[in-house]
$ cat model-v3.cif   # mmCIF, C-alpha atoms; chains and numbers go by the auth columns
data_input
#
loop_
_atom_site.group_PDB
_atom_site.id
_atom_site.type_symbol
_atom_site.label_atom_id
_atom_site.label_comp_id
_atom_site.label_asym_id
_atom_site.label_seq_id
_atom_site.Cartn_x
_atom_site.Cartn_y
_atom_site.Cartn_z
_atom_site.B_iso_or_equiv
_atom_site.auth_seq_id
_atom_site.auth_asym_id
ATOM 1 C CA HIS A 1 0.000 0.000 0.000 0.00 1 A
ATOM 2 C CA CYS A 2 2.889 2.404 -0.671 0.00 2 A
ATOM 3 C CA GLN A 3 1.352 3.745 -3.856 0.00 3 A
ATOM 4 C CA GLY A 4 -0.745 6.853 -4.369 0.00 4 A
ATOM 5 C CA GLY A 5 -1.739 8.934 -1.382 0.00 5 A
ATOM 6 C CA TYR A 6 -2.118 6.108 1.136 0.00 6 A
ATOM 7 C CA GLN A 7 1.109 6.665 3.009 0.00 7 A
ATOM 8 C CA HIS A 8 0.681 10.449 2.866 0.00 8 A
ATOM 9 C CA ASP A 9 -2.811 10.271 4.389 0.00 9 A
ATOM 10 C CA LEU A 10 -1.705 7.834 7.062 0.00 10 A
ATOM 11 C CA ARG A 11 1.280 9.831 8.197 0.00 11 A
ATOM 12 C CA GLU A 12 -0.814 13.004 8.221 0.00 12 A
ATOM 13 C CA GLU A 13 -3.342 11.320 10.507 0.00 13 A
ATOM 14 C CA ILE A 14 -0.618 10.077 12.821 0.00 14 A
ATOM 15 C CA GLY A 15 0.852 13.581 12.947 0.00 15 A
ATOM 16 C CA ARG A 16 -2.529 15.123 13.802 0.00 16 A
ATOM 17 C CA GLY A 17 -3.185 12.575 16.530 0.00 17 A
ATOM 18 C CA ALA A 18 -6.306 11.418 14.682 0.00 18 A
ATOM 19 C CA ILE A 19 -5.478 7.742 15.193 0.00 19 A
ATOM 20 C CA PRO A 20 -6.200 6.083 18.581 0.00 20 A
ATOM 21 C CA SER A 21 -3.072 5.748 20.708 0.00 21 A
ATOM 22 C CA GLU A 22 -3.264 1.943 20.836 0.00 22 A
ATOM 23 C CA LEU A 23 -3.150 1.762 17.019 0.00 23 A
ATOM 24 C CA ARG A 24 -0.399 4.311 16.432 0.00 24 A
ATOM 25 C CA PRO A 25 2.583 1.935 16.953 0.00 25 A
ATOM 26 C CA VAL A 26 1.082 -0.662 14.600 0.00 26 A
ATOM 27 C CA LEU A 27 0.392 1.856 11.842 0.00 27 A
ATOM 28 C CA ALA A 28 3.759 3.524 12.368 0.00 28 A
ATOM 29 C CA ALA A 29 5.427 0.150 11.906 0.00 29 A
ATOM 30 C CA SER A 30 3.487 -0.231 8.645 0.00 30 A
ATOM 31 C CA LEU A 31 4.722 3.164 7.455 0.00 31 A
ATOM 32 C CA LEU A 32 8.265 2.230 8.451 0.00 32 A
ATOM 33 C CA GLU A 33 8.051 -0.925 6.334 0.00 33 A
ATOM 34 C CA CYS A 34 6.664 1.135 3.468 0.00 34 A
ATOM 35 C CA ALA A 35 9.560 3.604 3.699 0.00 35 A
ATOM 36 C CA GLU A 36 12.088 0.782 3.754 0.00 36 A
ATOM 37 C CA GLY A 37 10.562 -0.585 0.562 0.00 37 A
ATOM 38 C CA LEU A 38 10.774 2.788 -1.151 0.00 38 A
ATOM 39 C CA GLU A 39 14.368 3.177 0.004 0.00 39 A
ATOM 40 C CA SER A 40 15.277 -0.258 -1.361 0.00 40 A
ATOM 41 C CA SER A 41 13.715 0.631 -4.726 0.00 41 A
ATOM 42 C CA GLY A 42 15.814 3.794 -4.965 0.00 42 A
ATOM 43 C CA ASP A 43 13.092 6.314 -4.105 0.00 43 A
ATOM 44 C CA GLY A 44 15.092 7.982 -1.359 0.00 44 A
ATOM 45 C CA ASN A 45 13.197 11.279 -1.320 0.00 45 A
ATOM 46 C CA ASN A 46 9.779 9.747 -0.674 0.00 46 A
ATOM 47 C CA ALA A 47 11.297 7.275 1.781 0.00 47 A
ATOM 48 C CA ALA A 48 12.897 10.143 3.697 0.00 48 A
ATOM 49 C CA ALA A 49 9.575 12.003 3.876 0.00 49 A
ATOM 50 C CA ILE A 50 7.875 8.992 5.463 0.00 50 A
ATOM 51 C CA TYR A 51 10.736 8.346 7.862 0.00 51 A
ATOM 52 C CA ARG A 52 10.603 12.008 8.928 0.00 52 A
ATOM 53 C CA SER A 53 6.936 11.697 9.831 0.00 53 A
ATOM 54 C CA LEU A 54 7.736 9.037 12.453 0.00 54 A
ATOM 55 C CA TYR A 55 9.654 11.192 14.934 0.00 55 A
ATOM 56 C CA ASP A 56 6.567 11.846 17.052 0.00 56 A
ATOM 57 C CA PRO A 57 7.559 11.418 20.731 0.00 57 A
ATOM 58 C CA SER A 58 4.375 9.422 21.364 0.00 58 A
ATOM 59 C CA LEU A 59 5.696 6.633 19.124 0.00 59 A
ATOM 60 C CA PRO A 60 7.927 3.881 20.555 0.00 60 A
ATOM 61 C CA ALA A 61 11.645 4.628 20.729 0.00 61 A
ATOM 62 C CA VAL A 62 12.422 1.701 18.424 0.00 62 A
ATOM 63 C CA ILE A 63 10.234 3.293 15.704 0.00 63 A
ATOM 64 C CA ARG A 64 11.779 6.758 16.133 0.00 64 A
ATOM 65 C CA SER A 65 15.302 5.331 16.059 0.00 65 A
ATOM 66 C CA ALA A 66 14.676 3.197 12.970 0.00 66 A
ATOM 67 C CA ALA A 67 13.016 6.154 11.233 0.00 67 A
ATOM 68 C CA CYS A 68 15.925 8.477 11.947 0.00 68 A
ATOM 69 C CA LEU A 69 18.459 5.915 10.767 0.00 69 A
ATOM 70 C CA GLY A 70 16.392 5.251 7.661 0.00 70 A
ATOM 71 C CA GLU A 71 16.124 8.922 6.778 0.00 71 A
ATOM 72 C CA MET A 72 19.884 9.349 7.073 0.00 72 A
ATOM 73 C CA ARG A 73 20.453 6.318 4.853 0.00 73 A
ATOM 74 C CA SER A 74 17.999 7.715 2.303 0.00 74 A
ATOM 75 C CA LEU A 75 19.690 11.113 2.229 0.00 75 A
ATOM 76 C CA LYS A 76 23.127 9.519 1.736 0.00 76 A
ATOM 77 C CA ASP A 77 25.716 12.288 1.255 0.00 77 A
ATOM 78 C CA ARG A 78 23.140 14.886 2.334 0.00 78 A
ATOM 79 C CA ALA A 79 22.683 13.291 5.757 0.00 79 A
ATOM 80 C CA THR A 80 25.102 15.399 7.816 0.00 80 A
ATOM 81 C CA PRO A 81 22.649 18.193 8.767 0.00 81 A
ATOM 82 C CA LEU A 82 20.091 15.613 9.876 0.00 82 A
ATOM 83 C CA LEU A 83 22.725 13.743 11.865 0.00 83 A
ATOM 84 C CA LEU A 84 23.754 16.931 13.668 0.00 84 A
ATOM 85 C CA ASP A 85 20.108 17.762 14.358 0.00 85 A
ATOM 86 C CA ALA A 86 19.579 14.291 15.821 0.00 86 A
ATOM 87 C CA LEU A 87 22.632 14.587 18.075 0.00 87 A
ATOM 88 C CA ALA A 88 21.429 17.986 19.297 0.00 88 A
ATOM 89 C CA SER A 89 17.904 16.740 20.013 0.00 89 A
ATOM 90 C CA SER A 90 16.621 15.649 23.408 0.00 90 A
ATOM 91 C CA ASP A 91 15.407 12.362 21.913 0.00 91 A
ATOM 92 C CA GLU A 92 17.885 9.651 22.856 0.00 92 A
ATOM 93 C CA ALA A 93 16.378 7.307 20.254 0.00 93 A
ATOM 94 C CA ARG A 94 17.416 9.729 17.512 0.00 94 A
ATOM 95 C CA GLN A 95 20.789 10.392 19.133 0.00 95 A
ATOM 96 C CA MET A 96 21.521 6.667 19.181 0.00 96 A
ATOM 97 C CA ALA A 97 20.459 6.383 15.537 0.00 97 A
ATOM 98 C CA ALA A 98 22.917 9.120 14.587 0.00 98 A
ATOM 99 C CA ILE A 99 25.707 7.313 16.421 0.00 99 A
ATOM 100 C CA ARG A 100 24.844 4.045 14.681 0.00 100 A
ATOM 101 C CA PHE A 101 24.839 5.786 11.299 0.00 101 A
ATOM 102 C CA LEU A 102 28.413 7.000 11.806 0.00 102 A
ATOM 103 C CA ALA A 103 29.640 3.426 12.028 0.00 103 A
ATOM 104 C CA MET A 104 27.989 2.570 8.690 0.00 104 A
ATOM 105 C CA PRO A 105 29.763 3.097 5.336 0.00 105 A
ATOM 106 C CA GLN A 106 27.285 5.868 4.403 0.00 106 A
ATOM 107 C CA GLY A 107 28.006 7.734 7.629 0.00 107 A
ATOM 108 C CA LYS A 108 31.769 7.996 7.514 0.00 108 A
ATOM 109 C CA GLY A 109 31.686 11.333 5.718 0.00 109 A
ATOM 110 C CA SER A 110 29.851 12.871 8.679 0.00 110 A
ATOM 111 C CA ALA A 111 32.453 11.899 11.287 0.00 111 A
ATOM 112 C CA ARG A 112 34.218 15.266 11.489 0.00 112 A
ATOM 113 C CA ALA A 113 30.975 17.179 11.935 0.00 113 A
ATOM 114 C CA ALA A 114 29.690 14.712 14.545 0.00 114 A
ATOM 115 C CA ALA A 115 32.922 14.912 16.542 0.00 115 A
ATOM 116 C CA SER A 116 32.352 18.630 17.040 0.00 116 A
ATOM 117 C CA ARG A 117 29.252 17.760 19.101 0.00 117 A
ATOM 118 C CA LEU A 118 30.997 15.249 21.353 0.00 118 A
ATOM 119 C CA SER A 119 31.303 17.409 24.467 0.00 119 A
ATOM 120 C CA SER A 120 27.650 18.504 24.258 0.00 120 A
ATOM 121 C CA LEU A 121 26.308 14.961 24.564 0.00 121 A
ATOM 122 C CA PRO A 122 25.315 13.329 27.866 0.00 122 A
ATOM 123 C CA GLU A 123 28.222 11.413 29.374 0.00 123 A
ATOM 124 C CA HIS A 124 26.661 8.002 28.749 0.00 124 A
ATOM 125 C CA LEU A 125 26.487 8.759 25.004 0.00 125 A
ATOM 126 C CA GLN A 126 29.955 10.271 24.655 0.00 126 A
ATOM 127 C CA SER A 127 31.722 6.928 24.879 0.00 127 A
ATOM 128 C CA GLN A 128 29.377 5.442 22.274 0.00 128 A
ATOM 129 C CA LEU A 129 30.009 8.325 19.891 0.00 129 A
ATOM 130 C CA ILE A 130 33.756 7.915 20.354 0.00 130 A
ATOM 131 C CA ASP A 131 33.458 4.201 19.516 0.00 131 A
ATOM 132 C CA ALA A 132 31.553 5.102 16.327 0.00 132 A
ATOM 133 C CA LEU A 133 34.136 7.726 15.369 0.00 133 A
ATOM 134 C CA ALA A 134 36.880 5.137 15.767 0.00 134 A
ATOM 135 C CA ALA A 135 34.928 2.747 13.533 0.00 135 A
ATOM 136 C CA ALA A 136 34.575 5.499 10.918 0.00 136 A
ATOM 137 C CA GLY A 137 38.374 5.718 10.791 0.00 137 A
ATOM 138 C CA ASP A 138 38.652 9.455 10.047 0.00 138 A
ATOM 139 C CA ARG A 139 41.751 10.850 11.734 0.00 139 A
ATOM 140 C CA SER A 140 40.484 14.402 11.390 0.00 140 A
ATOM 141 C CA VAL A 141 38.536 13.773 14.620 0.00 141 A
ATOM 142 C CA LEU A 142 41.749 13.384 16.645 0.00 142 A
ATOM 143 C CA PRO A 143 41.570 16.835 18.304 0.00 143 A
ATOM 144 C CA GLU A 144 38.213 15.889 19.875 0.00 144 A
ATOM 145 C CA ILE A 145 39.484 12.448 20.871 0.00 145 A
ATOM 146 C CA HIS A 146 42.533 14.034 22.507 0.00 146 A
ATOM 147 C CA ARG A 147 40.303 16.427 24.464 0.00 147 A
ATOM 148 C CA ALA A 148 38.192 13.491 25.597 0.00 148 A
ATOM 149 C CA LEU A 149 41.276 12.050 27.311 0.00 149 A
ATOM 150 C CA GLU A 150 40.862 14.853 29.858 0.00 150 A
ATOM 151 C CA SER A 151 37.147 14.226 30.481 0.00 151 A
ATOM 152 C CA SER A 152 35.826 13.936 34.027 0.00 152 A
ATOM 153 C CA SER A 153 33.968 10.803 32.882 0.00 153 A
ATOM 154 C CA ARG A 154 35.976 7.602 33.237 0.00 154 A
ATOM 155 C CA ALA A 155 33.922 5.885 30.511 0.00 155 A
ATOM 156 C CA THR A 156 34.662 8.740 28.104 0.00 156 A
ATOM 157 C CA ARG A 157 38.385 8.651 28.898 0.00 157 A
ATOM 158 C CA LEU A 158 38.565 4.892 28.400 0.00 158 A
ATOM 159 C CA ALA A 159 36.692 5.115 25.091 0.00 159 A
ATOM 160 C CA ALA A 160 39.130 7.801 23.912 0.00 160 A
ATOM 161 C CA VAL A 161 42.121 5.655 24.890 0.00 161 A
ATOM 162 C CA GLU A 162 40.657 2.710 22.979 0.00 162 A
ATOM 163 C CA ALA A 163 39.865 4.874 19.939 0.00 163 A
ATOM 164 C CA LEU A 164 43.507 5.907 19.726 0.00 164 A
ATOM 165 C CA THR A 165 44.384 2.267 19.108 0.00 165 A
ATOM 166 C CA GLN A 166 42.922 2.810 15.635 0.00 166 A
ATOM 167 C CA LEU A 167 43.243 6.548 15.076 0.00 167 A
ATOM 168 C CA GLY A 168 46.323 7.561 17.047 0.00 168 A
ATOM 169 C CA ASN A 169 49.526 9.156 15.803 0.00 169 A
ATOM 170 C CA ALA A 170 52.800 10.215 17.420 0.00 170 A
ATOM 171 C CA SER A 171 51.087 13.097 19.220 0.00 171 A
ATOM 172 C CA SER A 172 48.507 10.669 20.604 0.00 172 A
ATOM 173 C CA ALA A 173 51.246 8.367 21.844 0.00 173 A
ATOM 174 C CA GLN A 174 52.914 11.218 23.703 0.00 174 A
ATOM 175 C CA ARG A 175 49.608 12.199 25.319 0.00 175 A
ATOM 176 C CA LEU A 176 49.055 8.646 26.496 0.00 176 A
ATOM 177 C CA LEU A 177 52.581 8.463 27.884 0.00 177 A
ATOM 178 C CA ASP A 178 51.917 11.659 29.828 0.00 178 A
ATOM 179 C CA LEU A 179 48.659 10.256 31.184 0.00 179 A
ATOM 180 C CA ALA A 180 50.278 6.970 32.147 0.00 180 A
ATOM 181 C CA GLY A 181 52.268 8.750 34.810 0.00 181 A
ATOM 182 C CA SER A 182 49.146 9.382 36.902 0.00 182 A
ATOM 183 C CA ALA A 183 46.801 6.618 35.686 0.00 183 A
ATOM 184 C CA GLN A 184 45.988 3.612 37.792 0.00 184 A
ATOM 185 C CA GLY A 185 44.300 0.235 37.532 0.00 185 A
ATOM 186 C CA GLY A 186 42.126 -0.330 34.485 0.00 186 A
ATOM 187 C CA GLU A 187 42.949 3.020 32.908 0.00 187 A
ATOM 188 C CA LEU A 188 46.677 2.346 33.069 0.00 188 A
ATOM 189 C CA ALA A 189 46.146 -1.109 31.567 0.00 189 A
ATOM 190 C CA ALA A 190 44.066 0.423 28.763 0.00 190 A
ATOM 191 C CA ILE A 191 46.758 3.014 28.026 0.00 191 A
ATOM 192 C CA ARG A 192 49.446 0.330 27.850 0.00 192 A
ATOM 193 C CA LYS A 193 47.291 -1.766 25.524 0.00 193 A
ATOM 194 C CA SER A 194 46.574 1.194 23.256 0.00 194 A
ATOM 195 C CA LEU A 195 50.245 2.149 23.044 0.00 195 A
ATOM 196 C CA ALA A 196 51.203 -1.420 22.207 0.00 196 A
ATOM 197 C CA ARG A 197 48.646 -1.669 19.399 0.00 197 A
ATOM 198 C CA MET A 198 48.782 1.853 17.936 0.00 198 A
ATOM 199 C CA PRO A 199 50.049 1.565 14.337 0.00 199 A
ATOM 200 C CA GLY A 200 52.531 3.750 12.481 0.00 200 A
ATOM 201 C CA ALA A 201 56.275 4.263 12.199 0.00 201 A
ATOM 202 C CA ASP A 202 55.894 7.729 13.738 0.00 202 A
ATOM 203 C CA VAL A 203 54.318 6.138 16.806 0.00 203 A
ATOM 204 C CA ASP A 204 57.190 3.645 17.090 0.00 204 A
ATOM 205 C CA GLN A 205 59.679 6.501 16.871 0.00 205 A
ATOM 206 C CA ALA A 206 57.857 8.485 19.563 0.00 206 A
ATOM 207 C CA LEU A 207 57.794 5.491 21.906 0.00 207 A
ATOM 208 C CA THR A 208 61.457 4.728 21.267 0.00 208 A
ATOM 209 C CA ALA A 209 62.388 8.323 21.962 0.00 209 A
ATOM 210 C CA ALA A 210 60.406 8.279 25.196 0.00 210 A
ATOM 211 C CA VAL A 211 62.378 5.347 26.622 0.00 211 A
ATOM 212 C CA THR A 212 65.796 6.316 25.238 0.00 212 A
ATOM 213 C CA PRO A 213 67.976 8.248 27.730 0.00 213 A
ATOM 214 C CA SER A 214 68.750 11.737 26.486 0.00 214 A
#

$ encode --input "model-v3.cif" --output "structure tokens"
Amino acid sequence: HCQGGYQHDLREEIGRGAIPSELRPVLAASLLECAEGLESSGDGNNAAAIYRSLYDPSLPAVIRSAACLGEMRSLKDRATPLLLDALASSDEARQMAAIRFLAMPQGKGSARAAASRLSSLPEHLQSQLIDALAAAGDRSVLPEIHRALESSSRATRLAAVEALTQLGNASSAQRLLDLAGSAQGGELAAIRKSLARMPGADVDQALTAAVTPS
């Protein structure tokens, strides 16, 4: 039933609150399936319009999250503004969708923009965003990852240390060496692990220089 005006009428009724609350999740799921079909057939613009209609806070979080992720997929290289809007929203379902999108091939081009919002996120989402940035593999986010090493949140610091295993350079190695002097327990173990696994000849040179008497 994704042809004609069916999906338009249905999403308009959901938006107006004209559908009884007990039926809204079922019909929203139907619209979500419709949008996924349009997306698969290459009709990204119409798919995005349907996905966008499913952000209503009265709908289940799983619907809102899937809709946000679907709209970003549909927009492809135009998804960055939507991703930033989702991260800035108060809807954790949409925030989580944005983080998931970054770890997908289509989302890698948005990594630098997303990193700029890292410090504005709630602490429990910062570590998840850092993990997604590491998966994206864009080293342009290193300044934000380095700043996260100084976070008051232990989870954020540990995520930043782990991210440097994949993204780090000689500057990162020096920062971790500096932190190792005051780190303890699990954080010290994480720093040692990251230093041991961080790739690059420049990293090896920095570590060698650090242990070589001057």

$ resolve_selection --input "model-v3.cif" --expression "the PyMOL selection byres ((chain A and resi 164-166) around 12)" --output "MDAnalysis selection string"
chainID A and resid 130:139 141:149 157:163 167:176 190:200 203

$ resolve_selection --input "model-v3.cif" --expression "the PyMOL selection byres ((chain A and resi 87) around 12)" --output "PyMOL selection string"
chain A and resi 65+68+80-86+88-102+110+113-122+125-126+129

$ atom_distance --input "model-v3.cif" --atom1 "atom CA of A:Glu36" --atom2 "atom CA of A:Pro57"
20.5 Å

$ closest_residue --input "model-v3.cif" --among "A:Ala61, A:Gln128, A:Leu54, A:Ser74" --to "A:Gly37" --atoms "only C-alpha atoms"
A:Ser74

$ closest_residue --input "model-v3.cif" --among "A:Leu179, A:Ala48, A:Ala103, A:Ile63" --to "A:Ser30" --atoms "all atoms listed in the file"
A:Ile63

$ closest_residue --input "model-v3.cif" --among "A:Ser140, A:Ser152, A:Ser58, A:Ser40" --to "A:Leu23" --atoms "only C-alpha atoms"
A:Ser58
